[in-house]
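S.K.: Handing you this structure, nothing more for now.
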Amino acid sequence: MDDTTINLLKQLPKIDEIVLILERDRLLDLAPRDFVVDTCRSVVAEMRGAVMAVEKKKTVSLQELSAETAAHRVRERIERLHTPSLQRVVNATGIILHTNLGRAPLCEEALRRIVEISRGYSNIEFDLTTGKRGLRYDHVRDILCAITEAEDAVVVNNNAAAVLLVLNTLAMGKEAIVSRGELIEIGGAFRIPEVMEKSGAILKEVGTTNRTHLSDYEQAIGDNTGLILKVHTSNFRIAGFTEDVELSELADLGMKRSLPVMNDLGSGCFIDLRPYGFDREPTVQEALKSGVDIVTFSGDKLLGGPQAGIILGRKEIIERVKKNPLNRALRIDKLTIAALEATMRYYLTNGDALAAVPGMKLLTTSVKAVEKKARKLLRILKNLSLKHFDIVLKKGNSMAGGGSLPTQEIPTVLLGITARNMSAGRLGERLRFLDVPVIARIAEEEILFDIRTIDESEFVFIREGLKHLDGHDGFT
Ligand SMILES: *Cc1c(COP(=O)(O)O)cnc(C)c1O
């Protein structure tokens with residue numbers, strides 16, 4: 001080590017000195033003392049690292065090593081704890097059910113109900129007619145059964161939990177038969193074979209990746225078979241020379257051999273979306289009609305509700321699912337029940353869901369309506385006379401996301417934004433650092449805002465954000 005480095009290291013502030021400054025500025029009131037002291041230590045360790053790292057190239061100034069500088073850095077970290085980490089953002093990606101951005105936005109009524117129910121007490125597990133203990137899932141059971149004609153229903157934390165719970169209930173220590181074409185991984189490390197292993201069910205693969213026949217299932221049935229499982233392949237498609245077995249054929253096979261048949265629908269939708277330009281997807285009602293015993297699907301994919309796993313099907317199976325002790329560990333929260341109940345009510349009449357549930361509305365909004373919205377935003381932005389940005393309207397495609405309707409292109413309108421003297425990547429980053437972050441698509445040369453997923457009430461964030469960036473440094 002050379003003399004300069006040794007001298008600089010001697011200048012590093014003492015922990016006590018920093019703490020004294022923080023005490024003076026009343027920052028010790030804002031976090032536990034031990035945390036503050038630990039933070040001081042790590043800041044000083046970083047300063048030491050900086051001295052060691054740059055010793056030959058550049059000298060670190062004394063100012064950079066002062067106790068005031070260290071205190072300032074500790075202060076930033078303490079203050080960060082006092083600002084929410086979970087923030088609202090503007091979804092300009094055009095992916096309607098973006099899992100990383102929280103999937104479906106909730107309808108107004110769901111929000112109202114969450115506030116009402118969480119502010120005080122509720123009858124979440126209390127039967128008001130008998131004055132005895134009730135079941136939390138009963139609040140949504142009747143409504144789910146009315147919409148889908150299922151015999152019974154139970155809801156858990158999410159669909160991954162639903163699949164785990166049903167497999168564990170029906171096939172622990174037994175074989176569950178699945179087509180090799182359906183052994184999928186969806187995002188966030190949900191893999192059918194792994195979930196199955198954790199559930200205690202033994203995976204019995206049948207068929208091949210592209211083709212599975214009814215006879216494959218038939219031949220796989222043995223003394224230790226517990227379940228036949230069909231999984232929606234979600235964000236994955238096999239095209240070309242393919243064959244899979246119809247749900248109704250599997251249901252018949254299950255009936256003949258006295259085996260339960262389960263269908264993990266993944267997204268699960270109550271409304272036939274073909275009139276809105278989408279390909280045929282079996283609805284939840286159709287899946288149940290085909291005769292399967294149990295279906296599972298998410299609350300926050302195409303349904304547009306809160307995160308939940310919905311399990312529908314035959315009464316005696318649902319009873320067993322409810323009684324499984326694992327159910328207690330996967331149980332749904334009262335806020336979710338409140339939001340789910342409010343959202344499901346709109347599905348009693350489909351038209352209401354299309355108008356009131358944001359996910360459904362965003363999915364089925366016509367490209368004409370999106371264009372109108374885009375022109376409005378363009379006008380607002382043009383009126384700002386931004387010095388550094390060029391903005392143009394473009395055609396493009398939105399996506400459903402969340403593993404729903406994966407191959408469907410949904411025509412949309414985009415705003416293409418280029419900043420002079422700034423790369424698209426850099427502009428994308430600047431947009432993420434705004435007070436209300438705007439998450440956009442980053443193309444090679446430009447930033448793209450897909451207007452389909454932006455609500456008009458959010459235009460103000462885009463307007464203020466771009467105005468802020470335009471008046472800011474970084475454009476020199
Ligand atoms: C999305 C999905 C799941 C998991 O659902 P979550 O609600 O995200 O837990 C399970 N199976 C399939 C087929 C899916 O598409």
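Residues are named by chain letter and number: chains run A, B, ... in the order of the structure tokens, numbers start at 1 in each chain, and ligands are numbered from 1 in the order shown.
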Report as an MDAnalysis selection string all protein, DNA and RNA residues lying within 12 Å of region 74-77 of chain A, evaluated on only C-alpha atoms, omitting residues in the same chain fewer than 3 positions from it.

M.R.: chainID A and resid 15 18:19 21:23 25:31 35:44 46 67:71 80:83

S.K.: Do you know which residues are within 8 Å of ligand 1 using only C-alpha atoms and all ligand atoms? Can you write them as a PyMOL selection string?

M.R.: chain A and resi 157-163+184+186-187+190+192+231-235+264-267+297-301+307-309+402-404

S.K.: Take the selection from the previous step and output its residues with C-alpha atoms, as a short mmCIF file (atom, residue, chain, number, x, y, z; two decimals), in the first residue's frame.

M.R.:
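The resulting file, result_36.cif, is reproduced below:
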```cif
data_model
loop_
_atom_site.label_atom_id
_atom_site.label_comp_id
_atom_site.auth_asym_id
_atom_site.auth_seq_id
_atom_site.Cartn_x
_atom_site.Cartn_y
_atom_site.Cartn_z
CA ASN A 157 -54.30 -18.33 -2.50
CA ASN A 158 -53.50 -18.79 -6.21
CA ASN A 159 -53.82 -21.34 -8.97
CA ALA A 160 -50.44 -22.89 -8.19
CA ALA A 161 -51.82 -23.60 -4.71
CA ALA A 162 -55.04 -24.93 -6.21
CA VAL A 163 -53.17 -27.43 -8.39
CA ILE A 184 -45.03 -27.30 -19.05
CA ILE A 186 -45.04 -21.32 -16.89
CA GLY A 187 -43.24 -18.21 -15.63
CA PHE A 190 -44.13 -23.18 -11.81
CA ILE A 192 -46.00 -29.20 -13.59
CA VAL A 231 -53.10 -29.10 -18.23
CA HIS A 232 -53.68 -26.03 -20.38
CA THR A 233 -50.34 -25.34 -22.06
CA SER A 234 -50.76 -21.60 -21.40
CA ASN A 235 -47.93 -19.60 -22.96
CA ASP A 264 -55.87 -27.18 -14.87
CA LEU A 265 -57.18 -24.40 -17.09
CA GLY A 266 -54.53 -21.89 -16.04
CA SER A 267 -56.20 -18.69 -17.07
CA PHE A 297 -57.83 -21.62 -12.67
CA SER A 298 -56.49 -18.23 -11.58
CA GLY A 299 -58.53 -15.33 -10.24
CA ASP A 300 -56.20 -12.70 -11.68
CA LYS A 301 -55.67 -13.81 -15.25
CA GLN A 307 -54.86 -13.19 -7.03
CA ALA A 308 -56.70 -16.41 -6.20
CA GLY A 309 -56.92 -20.05 -7.16
CA GLY A 402 -50.29 -14.19 -18.00
CA GLY A 403 -50.13 -17.26 -20.23
CA SER A 404 -53.58 -16.42 -21.60
#
```

S.K.: With a distance cut-off of 10 Å and only C-alpha atoms, select the neighbouring residues of Arg112 (chain A), excluding the residue or stretch itself and same-chain residues fewer than 6 positions from it, and output the selection as a PyMOL selection string.

M.R.: chain A and resi 338-339+342

S.K.: For a test of reading the model, state the distance in Å between CA of Ala171 (chain A) and CA of Thr283 (chain A), rounded to one decimal.

M.R.: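 Going from CA of Ala171 (chain A) over to CA of Thr283 (chain A), I get 25.4 Å.
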
S.K.: Contacts of Glu109 (chain A) at 12 Å or less, counting only C-alpha atoms, minus same-chain residues fewer than 6 places along, as a PyMOL selection string?

M.R.: chain A and resi 115-116+305+338-346+353+356-358

S.K.: Emit the selected residues as a PDB file, in the first residue's frame, including C-alpha atoms.

M.R.:
```pdb
ATOM      1  CA  VAL A 115     -61.659  -0.818   1.908  1.00  0.00           C
ATOM      2  CA  GLU A 116     -65.022  -1.502   3.519  1.00  0.00           C
ATOM      3  CA  GLY A 305     -59.999 -10.337 -10.305  1.00  0.00           C
ATOM      4  CA  ALA A 338     -64.000  -9.218  -0.826  1.00  0.00           C
ATOM      5  CA  ALA A 339     -62.475  -8.334  -4.192  1.00  0.00           C
ATOM      6  CA  LEU A 340     -63.211 -11.709  -5.755  1.00  0.00           C
ATOM      7  CA  GLU A 341     -66.846 -11.644  -4.736  1.00  0.00           C
ATOM      8  CA  ALA A 342     -67.293  -8.135  -6.152  1.00  0.00           C
ATOM      9  CA  THR A 343     -65.599  -9.071  -9.433  1.00  0.00           C
ATOM     10  CA  MET A 344     -67.466 -12.368  -9.866  1.00  0.00           C
ATOM     11  CA  ARG A 345     -70.808 -10.647  -9.427  1.00  0.00           C
ATOM     12  CA  TYR A 346     -70.307  -8.845 -12.745  1.00  0.00           C
ATOM     13  CA  ALA A 353     -68.130  -7.943 -16.821  1.00  0.00           C
ATOM     14  CA  ALA A 356     -66.797  -3.100 -15.552  1.00  0.00           C
ATOM     15  CA  VAL A 357     -63.871  -5.502 -15.166  1.00  0.00           C
ATOM     16  CA  PRO A 358     -60.755  -3.673 -16.447  1.00  0.00           C
TER      17      PRO A 358
END
```

S.K.: With a distance cut-off of 8 Å and only C-alpha atoms, select the neighbouring residues of Leu302 (chain A), excluding the residue or stretch itself and same-chain residues fewer than 4 positions from it, and output the selection as a PyMOL selection string.

M.R.: chain A and resi 97+104+267-269+359-360+404

S.K.: Give me the residues near region 140-146 of chain A as number ranges by chain, where near means some atom within 12 Å (using only C-alpha atoms) and where sequence neighbours in that chain fewer than 2 positions away do not count.

M.R.: A: 124, 135-138, 148-156, 270, 284-285, 288, 299, 303, 308, 310-315, 318, 332, 334, 336-349

S.K.: Would you export the selected residues with C-alpha atoms as a JSON list (two decimals), in the first residue's frame, please?

M.R.:
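Resulting contents of out_14.json:
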```json
[["chain", "number", "residue", "atom", "x", "y", "z"],
["A", 124, "ILE", "CA", -65.34, -13.90, 7.11],
["A", 135, "LEU", "CA", -66.34, -21.08, 6.09],
["A", 136, "ARG", "CA", -64.46, -18.29, 4.32],
["A", 137, "TYR", "CA", -64.89, -19.77, 0.83],
["A", 138, "ASP", "CA", -68.66, -19.89, 1.23],
["A", 148, "THR", "CA", -70.50, -22.04, -13.97],
["A", 149, "GLU", "CA", -73.11, -24.59, -12.86],
["A", 150, "ALA", "CA", -70.41, -26.34, -10.84],
["A", 151, "GLU", "CA", -71.65, -28.47, -7.94],
["A", 152, "ASP", "CA", -69.28, -26.88, -5.46],
["A", 153, "ALA", "CA", -66.39, -24.47, -5.18],
["A", 154, "VAL", "CA", -63.44, -23.64, -2.97],
["A", 155, "VAL", "CA", -60.88, -20.87, -3.40],
["A", 156, "VAL", "CA", -57.26, -20.69, -2.28],
["A", 270, "PHE", "CA", -66.16, -17.38, -18.23],
["A", 284, "VAL", "CA", -64.71, -22.81, -17.56],
["A", 285, "GLN", "CA", -68.36, -23.70, -18.17],
["A", 288, "LEU", "CA", -67.18, -28.54, -16.60],
["A", 299, "GLY", "CA", -58.53, -15.33, -10.24],
["A", 303, "LEU", "CA", -61.11, -13.26, -14.99],
["A", 308, "ALA", "CA", -56.70, -16.41, -6.20],
["A", 310, "ILE", "CA", -60.43, -21.23, -7.93],
["A", 311, "ILE", "CA", -61.32, -24.91, -7.65],
["A", 312, "LEU", "CA", -64.68, -26.04, -9.04],
["A", 313, "GLY", "CA", -66.23, -29.44, -9.44],
["A", 314, "ARG", "CA", -67.92, -32.43, -7.90],
["A", 315, "LYS", "CA", -69.15, -31.96, -4.38],
["A", 318, "ILE", "CA", -64.43, -30.42, -3.12],
["A", 332, "ILE", "CA", -57.31, -17.12, 0.85],
["A", 334, "LYS", "CA", -60.41, -11.75, 3.47],
["A", 336, "THR", "CA", -59.10, -11.21, -1.63],
["A", 337, "ILE", "CA", -62.51, -12.71, -0.89],
["A", 338, "ALA", "CA", -64.00, -9.22, -0.83],
["A", 339, "ALA", "CA", -62.47, -8.33, -4.19],
["A", 340, "LEU", "CA", -63.21, -11.71, -5.75],
["A", 341, "GLU", "CA", -66.85, -11.64, -4.74],
["A", 342, "ALA", "CA", -67.29, -8.14, -6.15],
["A", 343, "THR", "CA", -65.60, -9.07, -9.43],
["A", 344, "MET", "CA", -67.47, -12.37, -9.87],
["A", 345, "ARG", "CA", -70.81, -10.65, -9.43],
["A", 346, "TYR", "CA", -70.31, -8.85, -12.75],
["A", 347, "TYR", "CA", -70.11, -12.23, -14.47],
["A", 348, "LEU", "CA", -73.67, -13.09, -13.55],
["A", 349, "THR", "CA", -74.40, -11.07, -16.69]]
```

S.K.: Which residues of region 287-373 of chain A come within 10 Å of region 407-413 of chain A, and what is each one's closest atom pair and distance in Å (one decimal), counting only C-alpha atoms, sorted by chain and residue number, as CSV?

M.R.:
```
residue,atom,partner,partner_atom,distance
A:Leu363,CA,A:Ile410,CA,8.0
A:Thr364,CA,A:Ile410,CA,9.0
A:Thr365,CA,A:Thr412,CA,9.4
A:Ser366,CA,A:Thr412,CA,8.3
A:Val367,CA,A:Thr412,CA,5.4
A:Lys368,CA,A:Thr412,CA,8.5
A:Ala369,CA,A:Thr412,CA,9.4
A:Val370,CA,A:Val413,CA,6.3
A:Glu371,CA,A:Val413,CA,5.6
A:Lys372,CA,A:Val413,CA,9.2
A:Lys373,CA,A:Val413,CA,9.0
```

S.K.: May I have the residues within 8 Å of Lys394 (chain A) as a PyMOL selection string, using only C-alpha atoms and disregarding those fewer than 4 positions away in the same chain?

M.R.: chain A and resi 413-416

S.K.: List every residue of region 16-84 of chain A that DSSP, applied to the backbone, labels as helix (DSSP H, G or I), and write the result as a PyMOL selection string.

M.R.: chain A and resi 16-24+27-30+33-53+63-65+67-81

S.K.: Would you export the selected residues with C-alpha atoms as a CSV table (one decimal), in the first residue's frame, please?

M.R.:
```csv
chain,number,residue,atom,x,y,z
A,16,ASP,CA,-19.3,7.5,16.4
A,17,GLU,CA,-18.8,10.7,14.4
A,18,ILE,CA,-21.4,9.7,11.8
A,19,VAL,CA,-23.9,8.7,14.5
A,20,LEU,CA,-23.4,12.0,16.2
A,21,ILE,CA,-24.3,13.9,13.0
A,22,LEU,CA,-27.4,11.6,12.5
A,23,GLU,CA,-28.4,12.2,16.1
A,24,ARG,CA,-28.1,16.0,15.5
A,27,LEU,CA,-32.4,10.6,12.0
A,28,LEU,CA,-32.1,8.2,14.9
A,29,ASP,CA,-35.8,8.6,15.5
A,30,LEU,CA,-36.5,7.2,12.0
A,33,ARG,CA,-30.4,2.4,16.3
A,34,ASP,CA,-28.7,-1.0,15.5
A,35,PHE,CA,-29.8,-0.7,11.9
A,36,VAL,CA,-28.4,2.9,11.7
A,37,VAL,CA,-25.1,1.8,13.2
A,38,ASP,CA,-24.8,-1.1,10.8
A,39,THR,CA,-25.6,1.1,7.9
A,40,CYS,CA,-22.9,3.5,9.0
A,41,ARG,CA,-20.4,0.6,9.0
A,42,SER,CA,-21.4,-0.5,5.5
A,43,VAL,CA,-21.1,3.1,4.2
A,44,VAL,CA,-17.6,3.4,5.7
A,45,ALA,CA,-16.7,0.0,4.3
A,46,GLU,CA,-17.8,1.2,0.9
A,47,MET,CA,-15.6,4.3,1.3
A,48,ARG,CA,-12.7,2.1,2.2
A,49,GLY,CA,-13.3,0.0,-0.9
A,50,ALA,CA,-13.3,3.2,-3.0
A,51,VAL,CA,-10.0,4.3,-1.6
A,52,MET,CA,-8.4,0.9,-2.3
A,53,ALA,CA,-9.9,0.6,-5.7
A,63,GLN,CA,-14.7,15.8,1.1
A,64,GLU,CA,-15.8,12.4,-0.2
A,65,LEU,CA,-14.4,10.8,3.0
A,67,ALA,CA,-18.4,12.2,8.2
A,68,GLU,CA,-20.9,14.5,6.7
A,69,THR,CA,-20.8,12.7,3.4
A,70,ALA,CA,-21.1,9.4,5.1
A,71,ALA,CA,-24.1,10.7,7.2
A,72,HIS,CA,-25.7,11.9,4.0
A,73,ARG,CA,-25.5,8.4,2.5
A,74,VAL,CA,-26.8,6.8,5.6
A,75,ARG,CA,-29.7,9.3,5.6
A,76,GLU,CA,-30.6,8.4,2.0
A,77,ARG,CA,-30.9,4.7,3.0
A,78,ILE,CA,-33.0,5.5,6.1
A,79,GLU,CA,-35.3,7.7,4.1
A,80,ARG,CA,-35.7,5.0,1.5
A,81,LEU,CA,-37.2,2.8,4.2
```

S.K.: If DSSP is run on the backbone, what residues of region 99-312 of chain A are strand (DSSP E or B)? A reply as a PyMOL selection string would be ideal.

M.R.: chain A and resi 126+133+152-156+175-179+185-186+190-191+202-206+211+225-231+243+261-266+294-298+309-312

S.K.: Of the candidates A:Ile442, A:Leu164, A:Leu405, A:Val245, which one gets nearest to Glu281 (chain A) if we count only C-alpha atoms?

M.R.: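 Looking at the shortest contact to Glu281 (chain A), the residue is A:Leu405.
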